[in-house]
file data-v4.json (JSON, C-alpha atoms and all ligand atoms)
[["chain", "number", "residue", "atom", "x", "y", "z"],
["A", 263, "MET", "CA", 19.36, 54.95, -13.56],
["A", 264, "THR", "CA", 20.60, 52.30, -11.19],
["A", 265, "GLU", "CA", 21.83, 49.02, -12.42],
["A", 266, "ILE", "CA", 20.53, 45.86, -10.90],
["A", 267, "GLN", "CA", 23.22, 44.75, -8.60],
["A", 268, "ARG", "CA", 24.29, 41.21, -9.35],
["A", 269, "ILE", "CA", 25.36, 39.68, -6.11],
["A", 270, "PRO", "CA", 27.55, 36.66, -6.79],
["A", 271, "ARG", "CA", 25.88, 33.65, -5.21],
["A", 272, "THR", "CA", 27.02, 30.08, -4.81],
["A", 273, "LEU", "CA", 25.33, 27.25, -6.67],
["A", 274, "LYS", "CA", 23.83, 26.12, -3.37],
["A", 275, "ASP", "CA", 22.31, 29.56, -2.74],
["A", 276, "ASN", "CA", 20.96, 29.79, -6.28],
["A", 277, "GLU", "CA", 19.43, 26.34, -6.08],
["A", 278, "ALA", "CA", 17.83, 27.21, -2.75],
["A", 279, "VAL", "CA", 16.17, 30.21, -4.44],
["A", 280, "ILE", "CA", 14.90, 27.99, -7.25],
["A", 281, "GLN", "CA", 13.66, 25.40, -4.76],
["A", 282, "ARG", "CA", 11.71, 28.01, -2.79],
["A", 283, "GLY", "CA", 10.21, 29.35, -5.99],
["A", 284, "LEU", "CA", 9.22, 25.90, -7.22],
["A", 285, "THR", "CA", 7.38, 24.95, -4.04],
["A", 286, "GLN", "CA", 5.28, 28.08, -4.43],
["A", 287, "VAL", "CA", 3.55, 26.24, -7.26],
["A", 288, "TRP", "CA", 1.51, 24.46, -4.57],
["A", 289, "GLU", "CA", 0.39, 27.78, -3.12],
["A", 290, "VAL", "CA", -0.71, 28.75, -6.63],
["A", 291, "ALA", "CA", -2.59, 25.46, -6.86],
["A", 292, "ALA", "CA", -4.26, 25.96, -3.48],
["A", 293, "ALA", "CA", -5.42, 29.42, -4.55],
["A", 294, "LEU", "CA", -6.81, 28.04, -7.82],
["A", 295, "ALA", "CA", -8.63, 25.27, -5.95],
["A", 296, "ASP", "CA", -10.14, 27.85, -3.64],
["A", 297, "ILE", "CA", -11.27, 29.98, -6.56],
["A", 298, "ARG", "CA", -12.87, 26.93, -8.15],
["A", 299, "GLU", "CA", -14.59, 25.69, -4.99],
["A", 300, "GLN", "CA", -15.94, 29.07, -3.95],
["A", 301, "ARG", "CA", -16.76, 29.96, -7.54],
["A", 302, "GLN", "CA", -14.85, 33.18, -7.16],
["A", 303, "TYR", "CA", -14.32, 33.18, -10.95],
["A", 304, "ARG", "CA", -17.86, 34.56, -11.15],
["A", 305, "GLU", "CA", -16.77, 37.63, -9.18],
["A", 306, "ALA", "CA", -14.10, 38.09, -11.81],
["A", 307, "GLY", "CA", -16.79, 38.03, -14.49],
["A", 308, "PHE", "CA", -16.37, 34.50, -15.89],
["A", 309, "LYS", "CA", -19.02, 31.84, -16.24],
["A", 310, "THR", "CA", -16.71, 28.90, -15.83],
["A", 311, "PHE", "CA", -13.50, 28.17, -14.00],
["A", 312, "GLU", "CA", -11.98, 27.00, -17.30],
["A", 313, "ASP", "CA", -12.68, 30.34, -18.98],
["A", 314, "TYR", "CA", -11.25, 32.12, -15.98],
["A", 315, "CYS", "CA", -8.00, 30.12, -16.04],
["A", 316, "GLN", "CA", -7.65, 30.58, -19.76],
["A", 317, "GLU", "CA", -8.41, 34.30, -19.94],
["A", 318, "ARG", "CA", -7.00, 35.56, -16.69],
["A", 319, "TRP", "CA", -3.86, 33.45, -16.45],
["A", 320, "GLN", "CA", -3.45, 31.75, -19.83],
["A", 321, "PHE", "CA", -3.64, 28.38, -18.16],
["A", 322, "ASN", "CA", -5.61, 25.75, -19.95],
["A", 323, "ARG", "CA", -8.14, 23.80, -17.94],
["A", 324, "ASP", "CA", -5.98, 20.75, -18.00],
["A", 325, "TYR", "CA", -3.02, 22.54, -16.45],
["A", 326, "ALA", "CA", -5.07, 24.12, -13.67],
["A", 327, "SER", "CA", -6.69, 20.85, -12.64],
["A", 328, "LYS", "CA", -3.38, 18.97, -12.83],
["A", 329, "LEU", "CA", -1.87, 21.58, -10.52],
["A", 330, "ILE", "CA", -4.75, 21.23, -8.09],
["A", 331, "GLN", "CA", -4.40, 17.44, -8.06],
["A", 332, "GLY", "CA", -0.66, 17.88, -7.66],
["A", 333, "ALA", "CA", -1.20, 20.02, -4.57],
["A", 334, "GLU", "CA", -3.22, 17.20, -3.01],
["A", 335, "VAL", "CA", -0.38, 14.76, -3.60],
["A", 336, "PHE", "CA", 2.07, 17.33, -2.23],
["A", 337, "SER", "CA", 0.16, 17.60, 1.04],
["A", 338, "ASN", "CA", -0.33, 13.81, 1.25],
["A", 339, "VAL", "CA", 3.43, 13.37, 0.93],
["A", 340, "ARG", "CA", 4.23, 16.22, 3.33],
["A", 341, "ASP", "CA", 1.84, 14.89, 6.00],
["A", 342, "ASN", "CA", 3.02, 11.26, 5.78],
["A", 343, "VAL", "CA", 6.68, 11.64, 4.96],
["A", 344, "ASN", "CA", 8.00, 11.02, 8.49],
["A", 345, "LYS", "CA", 6.09, 7.79, 8.85],
["A", 346, "ALA", "CA", 7.24, 6.64, 5.41],
["A", 347, "VAL", "CA", 10.85, 7.40, 6.29],
["A", 348, "ASN", "CA", 10.58, 5.36, 9.47],
["A", 349, "ASN", "CA", 9.06, 2.42, 7.61],
["A", 350, "LEU", "CA", 11.70, 2.25, 4.93],
["A", 351, "SER", "CA", 15.23, 1.19, 5.64],
["A", 352, "THR", "CA", 16.38, 4.38, 4.03],
["A", 353, "ARG", "CA", 19.90, 5.63, 3.68],
["A", 354, "VAL", "CA", 18.94, 9.25, 3.07],
["A", 355, "ASP", "CA", 19.14, 11.82, 5.82],
["A", 356, "LYS", "CA", 15.80, 11.52, 7.55],
["A", 357, "THR", "CA", 15.66, 15.17, 8.50],
["A", 358, "ASP", "CA", 16.20, 16.41, 4.98],
["A", 359, "ILE", "CA", 13.73, 14.77, 2.59],
["A", 360, "PRO", "CA", 12.86, 17.26, -0.17],
["A", 361, "LEU", "CA", 9.16, 17.55, -1.01],
["A", 362, "PRO", "CA", 7.72, 17.40, -4.56],
["A", 363, "SER", "CA", 8.27, 20.64, -6.43],
["A", 364, "GLN", "CA", 6.90, 19.81, -9.88],
["A", 365, "GLU", "CA", 3.53, 18.82, -11.18],
["A", 366, "ALA", "CA", 5.06, 15.97, -13.22],
["A", 367, "GLN", "CA", 6.47, 14.43, -10.04],
["A", 368, "THR", "CA", 3.12, 14.48, -8.26],
["A", 369, "ARG", "CA", 1.45, 13.01, -11.34],
["A", 370, "ALA", "CA", 3.87, 10.07, -11.32],
["A", 371, "VAL", "CA", 3.17, 9.54, -7.60],
["A", 372, "ARG", "CA", -0.59, 9.78, -8.10],
["A", 373, "GLN", "CA", -0.51, 7.30, -10.99],
["A", 374, "ALA", "CA", 1.21, 4.81, -8.70],
["A", 375, "THR", "CA", -1.32, 4.95, -5.87],
["A", 376, "ASP", "CA", -4.26, 6.90, -4.42],
["A", 377, "ASP", "CA", -3.40, 6.04, -0.86],
["A", 378, "PRO", "CA", -1.79, 9.04, 0.95],
["A", 379, "GLN", "CA", 0.58, 6.90, 3.02],
["A", 380, "GLU", "CA", 1.64, 4.87, 0.03],
["A", 381, "GLN", "CA", 2.17, 8.07, -1.93],
["A", 382, "ALA", "CA", 4.60, 9.19, 0.78],
["A", 383, "ALA", "CA", 6.30, 5.76, 0.71],
["A", 384, "VAL", "CA", 6.75, 5.98, -3.08],
["A", 385, "TRP", "CA", 8.14, 9.49, -2.76],
["A", 386, "VAL", "CA", 10.64, 8.61, -0.03],
["A", 387, "GLN", "CA", 11.81, 5.57, -2.00],
["A", 388, "ALA", "CA", 12.28, 7.77, -5.09],
["A", 389, "VAL", "CA", 14.24, 10.37, -3.10],
["A", 390, "GLU", "CA", 16.44, 7.62, -1.76],
["A", 391, "ASP", "CA", 17.00, 6.27, -5.26],
["A", 392, "ALA", "CA", 17.87, 9.78, -6.42],
["A", 393, "GLY", "CA", 20.53, 10.04, -3.69],
["A", 394, "GLY", "CA", 18.49, 12.41, -1.54],
["A", 395, "GLU", "CA", 17.77, 14.84, -4.37],
["A", 396, "GLN", "CA", 14.57, 15.70, -6.23],
["A", 397, "PRO", "CA", 13.64, 12.56, -8.21],
["A", 398, "THR", "CA", 12.54, 12.61, -11.84],
["A", 399, "ALA", "CA", 9.20, 11.18, -12.96],
["A", 400, "PRO", "CA", 10.83, 7.98, -14.34],
["A", 401, "GLN", "CA", 12.67, 7.52, -11.02],
["A", 402, "ILE", "CA", 9.36, 7.85, -9.23],
["A", 403, "ARG", "CA", 7.78, 5.21, -11.45],
["A", 404, "GLU", "CA", 10.66, 2.84, -10.72],
["A", 405, "ALA", "CA", 10.38, 3.52, -7.00],
["A", 406, "ALA", "CA", 6.63, 2.88, -7.18],
["A", 407, "ALA", "CA", 7.27, -0.52, -8.73],
["A", 408, "LYS", "CA", 9.64, -1.35, -5.87],
["A", 409, "VAL", "CA", 7.22, -0.22, -3.17],
["A", 410, "THR", "CA", 4.34, -2.14, -4.77],
["A", 411, "ALA", "CA", 6.47, -5.25, -5.22],
["A", 412, "SER", "CA", 7.59, -5.26, -1.60],
["A", 413, "LYS", "CA", 3.98, -4.80, -0.53],
["A", 414, "THR", "CA", 2.42, -7.57, -2.62],
["A", 415, "ALA", "CA", 5.26, -10.08, -2.62],
["A", 416, "PRO", "CA", 4.39, -13.10, -0.52],
["A", 417, "PRO", "CA", 6.68, -13.52, 2.47],
["A", 418, "PRO", "CA", 9.80, -15.34, 1.31],
["A", 419, "ALA", "CA", 9.10, -19.05, 1.40],
["A", 420, "GLU", "CA", 11.20, -20.56, 4.09],
["A", 421, "GLU", "CA", 12.88, -23.82, 3.32],
["A", 422, "PRO", "CA", 13.10, -25.40, 6.72],
["A", 423, "GLU", "CA", 14.73, -28.66, 7.50],
["A", 424, "PRO", "CA", 11.92, -31.02, 6.53],
["A", 425, "ALA", "CA", 11.90, -32.90, 9.82],
["A", 426, "LYS", "CA", 11.73, -29.70, 11.85],
["A", 427, "LEU", "CA", 8.63, -28.20, 10.29],
["A", 428, "CYS", "CA", 5.94, -28.23, 12.93],
["A", 429, "ASP", "CA", 2.31, -27.37, 13.36],
["A", 430, "GLN", "CA", 1.22, -26.02, 16.73],
["A", 431, "PHE", "CA", 1.35, -29.46, 18.36],
["A", 432, "GLY", "CA", 4.56, -30.91, 17.06],
["A", 433, "PRO", "CA", 6.62, -31.97, 14.03],
["A", 434, "LEU", "CA", 4.89, -32.87, 10.78],
["A", 435, "ALA", "CA", 5.16, -36.04, 8.76],
["A", 436, "LEU", "CA", 7.52, -35.57, 5.82],
["A", 437, "HIS", "CA", 4.84, -35.97, 3.18],
["A", 438, "LEU", "CA", 2.94, -32.99, 4.62],
["A", 439, "VAL", "CA", 5.89, -30.59, 4.59],
["A", 440, "PRO", "CA", 5.30, -29.33, 1.01],
["A", 441, "LEU", "CA", 1.68, -28.65, 1.90],
["A", 442, "TRP", "CA", 2.55, -26.68, 5.04],
["A", 443, "SER", "CA", 5.16, -24.66, 3.24],
["A", 444, "ARG", "CA", 2.38, -23.27, 1.03],
["A", 445, "LEU", "CA", 0.38, -21.92, 3.98],
["A", 446, "ALA", "CA", 2.09, -18.56, 3.43],
["A", 447, "GLU", "CA", 0.14, -18.25, 0.19],
["A", 448, "VAL", "CA", -3.12, -18.49, 2.11],
["A", 449, "LYS", "CA", -1.86, -15.86, 4.57],
["A", 450, "GLU", "CA", -1.06, -13.62, 1.62],
["A", 451, "ILE", "CA", -4.60, -13.99, 0.28],
["A", 452, "GLU", "CA", -5.91, -13.12, 3.75],
["A", 453, "ARG", "CA", -3.81, -9.98, 3.61],
["A", 454, "VAL", "CA", -5.20, -9.08, 0.18],
["A", 455, "VAL", "CA", -8.76, -9.51, 1.49],
["A", 456, "ARG", "CA", -8.02, -7.30, 4.52],
["A", 457, "ASP", "CA", -6.58, -4.72, 2.15],
["A", 458, "LEU", "CA", -9.63, -4.93, -0.11],
["A", 459, "LYS", "CA", -11.90, -4.35, 2.88],
["A", 460, "LYS", "CA", -9.89, -1.30, 3.87],
["A", 461, "ARG", "CA", -9.95, 0.08, 0.34],
["A", 462, "ILE", "CA", -13.71, -0.32, -0.04],
["A", 463, "LYS", "CA", -14.25, 1.38, 3.34],
["A", 464, "THR", "CA", -12.01, 4.25, 2.30],
["A", 465, "ILE", "CA", -13.67, 4.83, -1.05],
["A", 466, "ALA", "CA", -17.15, 4.51, 0.49],
["A", 467, "LYS", "CA", -16.34, 7.57, 2.60],
["A", 468, "THR", "CA", -15.76, 9.64, -0.53],
["A", 469, "GLU", "CA", -18.33, 11.03, -2.91],
["A", 470, "VAL", "CA", -17.53, 8.61, -5.73],
["A", 471, "GLY", "CA", -18.17, 5.64, -3.42],
["A", 472, "SER", "CA", -20.96, 7.18, -1.36],
["A", 473, "ARG", "CA", -23.60, 4.86, -2.81],
["A", 474, "ILE", "CA", -21.67, 1.65, -2.24],
["A", 475, "ASN", "CA", -23.72, -0.47, 0.13],
["A", 476, "THR", "CA", -21.10, -1.56, 2.62],
["A", 477, "THR", "CA", -23.38, -3.96, 4.54],
["A", 478, "PRO", "CA", -23.26, -6.82, 1.97],
["A", 479, "VAL", "CA", -19.62, -5.96, 1.30],
["A", 480, "ASP", "CA", -18.79, -6.47, 5.00],
["A", 481, "ALA", "CA", -20.77, -9.70, 5.13],
["A", 482, "GLY", "CA", -19.10, -11.01, 1.99],
["A", 483, "ILE", "CA", -15.63, -10.17, 3.22],
["A", 484, "ARG", "CA", -16.36, -11.79, 6.59],
["A", 485, "ALA", "CA", -17.51, -14.95, 4.77],
["A", 486, "ILE", "CA", -14.29, -15.01, 2.73],
["A", 487, "GLU", "CA", -12.18, -14.48, 5.85],
["A", 488, "GLN", "CA", -14.00, -17.30, 7.61],
["A", 489, "ALA", "CA", -13.62, -19.64, 4.64],
["A", 490, "LEU", "CA", -9.92, -18.85, 4.35],
["A", 491, "LYS", "CA", -9.42, -19.46, 8.05],
["A", 492, "LEU", "CA", -11.13, -22.84, 8.06],
["A", 493, "GLY", "CA", -9.96, -24.17, 4.71],
["A", 494, "PRO", "CA", -6.23, -24.80, 4.92],
["A", 495, "PRO", "CA", -4.46, -27.62, 6.78],
["A", 496, "TYR", "CA", -4.39, -27.20, 10.54],
["A", 497, "THR", "CA", -2.82, -30.37, 11.86],
["A", 498, "GLU", "CA", -2.34, -34.07, 11.17],
["A", 499, "CYS", "CA", -5.16, -36.56, 11.24],
["A", 500, "PHE", "CA", -5.16, -38.02, 14.74],
["A", 501, "LYS", "CA", -7.58, -40.71, 13.64],
["A", 502, "CYS", "CA", -5.43, -42.64, 11.18],
["A", 503, "GLN", "CA", -2.23, -41.40, 12.85],
["A", 504, "ARG", "CA", 0.10, -41.27, 9.85],
["A", 505, "LYS", "CA", -1.18, -44.48, 8.41],
["A", 506, "VAL", "CA", -2.89, -42.29, 5.75],
["A", 507, "GLN", "CA", -5.64, -44.77, 5.11],
["A", 508, "GLY", "CA", -7.96, -44.07, 2.21],
["A", 509, "ASP", "CA", -10.93, -45.18, 4.25],
["A", 510, "CYS", "CA", -10.21, -42.77, 7.15],
["A", 511, "ASN", "CA", -13.48, -40.93, 7.60],
["A", 512, "LEU", "CA", -11.78, -37.91, 9.14],
["A", 513, "CYS", "CA", -9.05, -37.01, 6.62],
["A", 514, "ARG", "CA", -10.20, -39.24, 3.70],
["A", 515, "GLY", "CA", -6.72, -40.57, 3.31],
["A", 516, "THR", "CA", -4.95, -37.22, 3.05],
["A", 517, "GLY", "CA", -3.37, -37.34, 6.49],
["A", 518, "TRP", "CA", -4.32, -33.76, 7.34],
["A", 519, "ILE", "CA", -7.35, -31.97, 8.76],
["A", 520, "ASN", "CA", -8.49, -28.34, 8.79],
["A", 521, "GLU", "CA", -9.31, -26.31, 11.88],
["A", 522, "SER", "CA", -13.01, -27.06, 11.92],
["A", 523, "GLU", "CA", -12.41, -30.78, 11.43],
["A", 524, "TYR", "CA", -9.96, -30.64, 14.32],
["A", 525, "SER", "CA", -12.20, -28.73, 16.71],
["A", 526, "GLY", "CA", -15.29, -30.72, 15.71],
["A", 527, "ARG", "CA", -13.71, -34.12, 16.34],
["A", 528, "ARG", "CA", -10.92, -33.53, 18.82],
["A", 529, "THR", "CA", -10.46, -36.00, 21.65],
["A", 530, "GLU", "CA", -8.08, -36.25, 24.56],
["A", 531, "GLY", "CA", -6.45, -39.26, 22.98],
["A", 532, "GLY", "CA", -6.14, -37.40, 19.68],
["A", 533, "ASP", "CA", -4.47, -34.42, 21.35],
["A", 534, "ARG", "CA", -2.13, -36.74, 23.19],
["A", 535, "TRP", "CA", -1.11, -38.38, 19.92],
["A", 536, "LEU", "CA", -0.64, -35.00, 18.18],
["A", 537, "LYS", "CA", 1.61, -33.73, 20.99],
["A", 538, "GLY", "CA", 3.59, -36.95, 21.16],
["A", 539, "ARG", "CA", 4.56, -37.03, 17.47],
["A", 540, "GLU", "CA", 8.25, -37.09, 16.66],
["A", 601, "ZN", "ZN", -7.07, -39.84, 8.71]]

call {"tool": "encode", "arguments": {"input": "data-v4.json", "output": "structure tokens"}}
result
Amino acid sequence: MTEIQRIPRTLKDNEAVIQRGLTQVWEVAAALADIREQRQYREAGFKTFEDYCQERWQFNRDYASKLIQGAEVFSNVRDNVNKAVNNLSTRVDKTDIPLPSQEAQTRAVRQATDDPQEQAAVWVQAVEDAGGEQPTAPQIREAAAKVTASKTAPPPAEEPEPAKLCDQFGPLALHLVPLWSRLAEVKEIERVVRDLKKRIKTIAKTEVGSRINTTPVDAGIRAIEQALKLGPPYTECFKCQRKVQGDCNLCRGTGWINESEYSGRRTEGGDRWLKGRE
């Protein structure tokens, strides 16, 4: 009888063995998914995939489907990780980002977002927060909050010198500065609408969204985009020229006009006044 030779290995070697073993979980998941899709469990004599998992491997249905979903997240992260690394100002070694090795990690990523590129961004952020190591599920949730916050936060409001804030023709009157400094909020809403459009298009390509009628969706989004573009202040009222008269029939005493008011009523004299403002 021969004894199993115990070769002394370093911690690094041992951890590499564990790491290799853990990533094989995704190969297991891919095989399970294949068995489910091709209904190979019937060949094995089972009526349902659930019965098969339970009897053949002592997996409950929940575990098998979580693994399969986890494998999807794993490949989303693997396929988008380089792009995510380039987008983040990351301190971790770009060539050595570990990939998810546990189902719980992929579940935390999936709960944060369905978008493959965002999943990779959340993962890279979590790896960075974990100092380049495998992150825990709570670390992933924290990283997801950061990634989402940086995505939805409106661009930092700039506080320019009041007299220097300009529209495209020249400097604005002081009383309009607070109004112009809120234009970023409109831009942010425009971004949200663009994002919504993208998300509806994406889901409409999948089975769950296959019956979404995208024609009225497109028309509605276009209408919103148009309304957002024409609504906000564009320049000063060249008619009352900073006199801000309540009876001005162009700006109604507000001192500002939107883009359609500008292009509908513009005159050479008006443009000259706008460009000559100080
Ligand atoms: Zn006016």

call {"tool": "closest_residue", "arguments": {"input": "data-v4.json", "among": "A:Cys510, A:Val287, A:Leu536, A:Ile483", "to": "ligand ZN 601 (chain A)", "atoms": "only C-alpha atoms and all ligand atoms"}}
result
A:Cys510

call {"tool": "residues_near_ligand", "arguments": {"input": "data-v4.json", "ligand": "ligand ZN 601 (chain A)", "cutoff": "9 Å", "atoms": "only C-alpha atoms and all ligand atoms", "output": "PDB file with C-alpha atoms, in the frame of the given file"}}
result
ATOM      1  CA  GLU A 498      -2.340 -34.070  11.170  1.00  0.00           C
ATOM      2  CA  CYS A 499      -5.160 -36.560  11.240  1.00  0.00           C
ATOM      3  CA  PHE A 500      -5.160 -38.020  14.740  1.00  0.00           C
ATOM      4  CA  LYS A 501      -7.580 -40.710  13.640  1.00  0.00           C
ATOM      5  CA  CYS A 502      -5.430 -42.640  11.180  1.00  0.00           C
ATOM      6  CA  GLN A 503      -2.230 -41.400  12.850  1.00  0.00           C
ATOM      7  CA  ARG A 504       0.100 -41.270   9.850  1.00  0.00           C
ATOM      8  CA  LYS A 505      -1.180 -44.480   8.410  1.00  0.00           C
ATOM      9  CA  VAL A 506      -2.890 -42.290   5.750  1.00  0.00           C
ATOM     10  CA  GLN A 507      -5.640 -44.770   5.110  1.00  0.00           C
ATOM     11  CA  GLY A 508      -7.960 -44.070   2.210  1.00  0.00           C
ATOM     12  CA  ASP A 509     -10.930 -45.180   4.250  1.00  0.00           C
ATOM     13  CA  CYS A 510     -10.210 -42.770   7.150  1.00  0.00           C
ATOM     14  CA  ASN A 511     -13.480 -40.930   7.600  1.00  0.00           C
ATOM     15  CA  LEU A 512     -11.780 -37.910   9.140  1.00  0.00           C
ATOM     16  CA  CYS A 513      -9.050 -37.010   6.620  1.00  0.00           C
ATOM     17  CA  ARG A 514     -10.200 -39.240   3.700  1.00  0.00           C
ATOM     18  CA  GLY A 515      -6.720 -40.570   3.310  1.00  0.00           C
ATOM     19  CA  THR A 516      -4.950 -37.220   3.050  1.00  0.00           C
ATOM     20  CA  GLY A 517      -3.370 -37.340   6.490  1.00  0.00           C
ATOM     21  CA  TRP A 518      -4.320 -33.760   7.340  1.00  0.00           C
ATOM     22  CA  ILE A 519      -7.350 -31.970   8.760  1.00  0.00           C
TER      23      ILE A 519
END

call {"tool": "atom_distance", "arguments": {"input": "data-v4.json", "atom1": "CA of Arg369 in chain A", "atom2": "CA of Gln302 in chain A"}}
result
26.3 Å

call {"tool": "atom_distance", "arguments": {"input": "data-v4.json", "atom1": "CA of Gly493 in chain A", "atom2": "CA of Glu450 in chain A"}}
result
14.1 Å

call {"tool": "atom_distance", "arguments": {"input": "data-v4.json", "atom1": "CA of Lys274 in chain A", "atom2": "CA of Asp358 in chain A"}}
result
14.9 Å

call {"tool": "axis_aligned_box", "arguments": {"input": "data-v4.json", "around": "range 322-331 of chain A", "padding_each_side": "5 Å", "output": "lines of an AutoDock Vina configuration file"}}
result
center_x = -5.0
center_y = 21.6
center_z = -14.0
size_x = 16.3
size_y = 18.3
size_z = 21.9

call {"tool": "closest_residue", "arguments": {"input": "data-v4.json", "among": "A:Ala383, A:Val454, A:Leu427, A:Ala292", "to": "Leu441 in chain A", "atoms": "all atoms listed in the file"}}
result
A:Leu427

call {"tool": "closest_residue", "arguments": {"input": "data-v4.json", "among": "A:Ala407, A:Leu490, A:Leu284, A:Leu273", "to": "Glu447 in chain A", "atoms": "all atoms listed in the file"}}
result
A:Leu490

call {"tool": "residues_around", "arguments": {"input": "data-v4.json", "residues": "range 471-482 of chain A", "least_positions_apart": "3", "cutoff": "12 Å", "atoms": "all atoms listed in the file", "output": "list in words"}}
result
Val455, Arg456, Leu458, Lys459, Lys460, Arg461, Ile462, Lys463, Thr464, Ile465, Ala466, Lys467, Thr468, Ala485, Ile486, Glu487, Gln488 and Ala489 of chain A

call {"tool": "closest_residue", "arguments": {"input": "data-v4.json", "among": "A:Glu312, A:Ala370, A:Glu390, A:Pro433", "to": "Ala406 in chain A", "atoms": "all atoms listed in the file"}}
result
A:Ala370

call {"tool": "residues_near_point", "arguments": {"input": "data-v4.json", "point": "(3.5, 19.4, -8.9)", "cutoff": "7 Å", "atoms": "all atoms listed in the file", "output": "list in words"}}
result
Trp288, Leu329, Gly332, Ala333, Pro362, Ser363, Gln364, Glu365, Ala366, Gln367 and Thr368 of chain A

call {"tool": "write_last_selection", "arguments": {"input": "data-v4.json", "atoms": "C-alpha atoms", "output": "PDB file, in the coordinates of the input"}}
result
ATOM      1  CA  TRP A 288       1.510  24.460  -4.570  1.00  0.00           C
ATOM      2  CA  LEU A 329      -1.870  21.580 -10.520  1.00  0.00           C
ATOM      3  CA  GLY A 332      -0.660  17.880  -7.660  1.00  0.00           C
ATOM      4  CA  ALA A 333      -1.200  20.020  -4.570  1.00  0.00           C
ATOM      5  CA  PRO A 362       7.720  17.400  -4.560  1.00  0.00           C
ATOM      6  CA  SER A 363       8.270  20.640  -6.430  1.00  0.00           C
ATOM      7  CA  GLN A 364       6.900  19.810  -9.880  1.00  0.00           C
ATOM      8  CA  GLU A 365       3.530  18.820 -11.180  1.00  0.00           C
ATOM      9  CA  ALA A 366       5.060  15.970 -13.220  1.00  0.00           C
ATOM     10  CA  GLN A 367       6.470  14.430 -10.040  1.00  0.00           C
ATOM     11  CA  THR A 368       3.120  14.480  -8.260  1.00  0.00           C
TER      12      THR A 368
END

call {"tool": "residues_around", "arguments": {"input": "data-v4.json", "residues": "Ile330 in chain A", "least_positions_apart": "6", "cutoff": "9 Å", "atoms": "all atoms listed in the file", "output": "short mmCIF file (atom, residue, chain, number, x, y, z; two decimals) with C-alpha atoms, in the frame of the given file"}}
result
data_model
loop_
_atom_site.label_atom_id
_atom_site.label_comp_id
_atom_site.auth_asym_id
_atom_site.auth_seq_id
_atom_site.Cartn_x
_atom_site.Cartn_y
_atom_site.Cartn_z
CA TRP A 288 1.51 24.46 -4.57
CA VAL A 290 -0.71 28.75 -6.63
CA ALA A 291 -2.59 25.46 -6.86
CA ALA A 292 -4.26 25.96 -3.48
CA ALA A 293 -5.42 29.42 -4.55
CA LEU A 294 -6.81 28.04 -7.82
CA ALA A 295 -8.63 25.27 -5.95
#

call {"tool": "closest_residue", "arguments": {"input": "data-v4.json", "among": "A:Pro360, A:Gly432, A:Gly307, A:Gly393", "to": "Thr497 in chain A", "atoms": "only C-alpha atoms"}}
result
A:Gly432

call {"tool": "decode", "arguments": {"input": "data-v4.json", "residues": "range 277-299 of chain A", "atoms": "C-alpha atoms", "output": "mmCIF file, in the first residue's frame"}}
result
data_model
loop_
_atom_site.group_PDB
_atom_site.id
_atom_site.type_symbol
_atom_site.label_atom_id
_atom_site.label_comp_id
_atom_site.auth_asym_id
_atom_site.auth_seq_id
_atom_site.Cartn_x
_atom_site.Cartn_y
_atom_site.Cartn_z
ATOM 1 C CA GLU A 277 -4.717 28.993 -3.347
ATOM 2 C CA ALA A 278 -4.070 28.665 -7.073
ATOM 3 C CA VAL A 279 -5.374 25.082 -6.882
ATOM 4 C CA ILE A 280 -8.486 26.246 -5.049
ATOM 5 C CA GLN A 281 -9.005 29.066 -7.533
ATOM 6 C CA ARG A 282 -8.801 26.687 -10.503
ATOM 7 C CA GLY A 283 -11.240 24.335 -8.811
ATOM 8 C CA LEU A 284 -13.689 27.110 -8.003
ATOM 9 C CA THR A 285 -13.861 28.425 -11.561
ATOM 10 C CA GLN A 286 -14.819 24.944 -12.705
ATOM 11 C CA VAL A 287 -18.197 25.656 -11.137
ATOM 12 C CA TRP A 288 -19.025 27.602 -14.325
ATOM 13 C CA GLU A 289 -18.207 24.583 -16.463
ATOM 14 C CA VAL A 290 -20.582 22.586 -14.264
ATOM 15 C CA ALA A 291 -23.201 25.285 -14.785
ATOM 16 C CA ALA A 292 -22.697 25.302 -18.558
ATOM 17 C CA ALA A 293 -23.137 21.525 -18.655
ATOM 18 C CA LEU A 294 -26.329 21.764 -16.582
ATOM 19 C CA ALA A 295 -27.688 24.490 -18.865
ATOM 20 C CA ASP A 296 -26.974 22.309 -21.861
ATOM 21 C CA ILE A 297 -28.722 19.349 -20.275
ATOM 22 C CA ARG A 298 -31.737 21.534 -19.550
ATOM 23 C CA GLU A 299 -31.896 23.142 -22.995
#
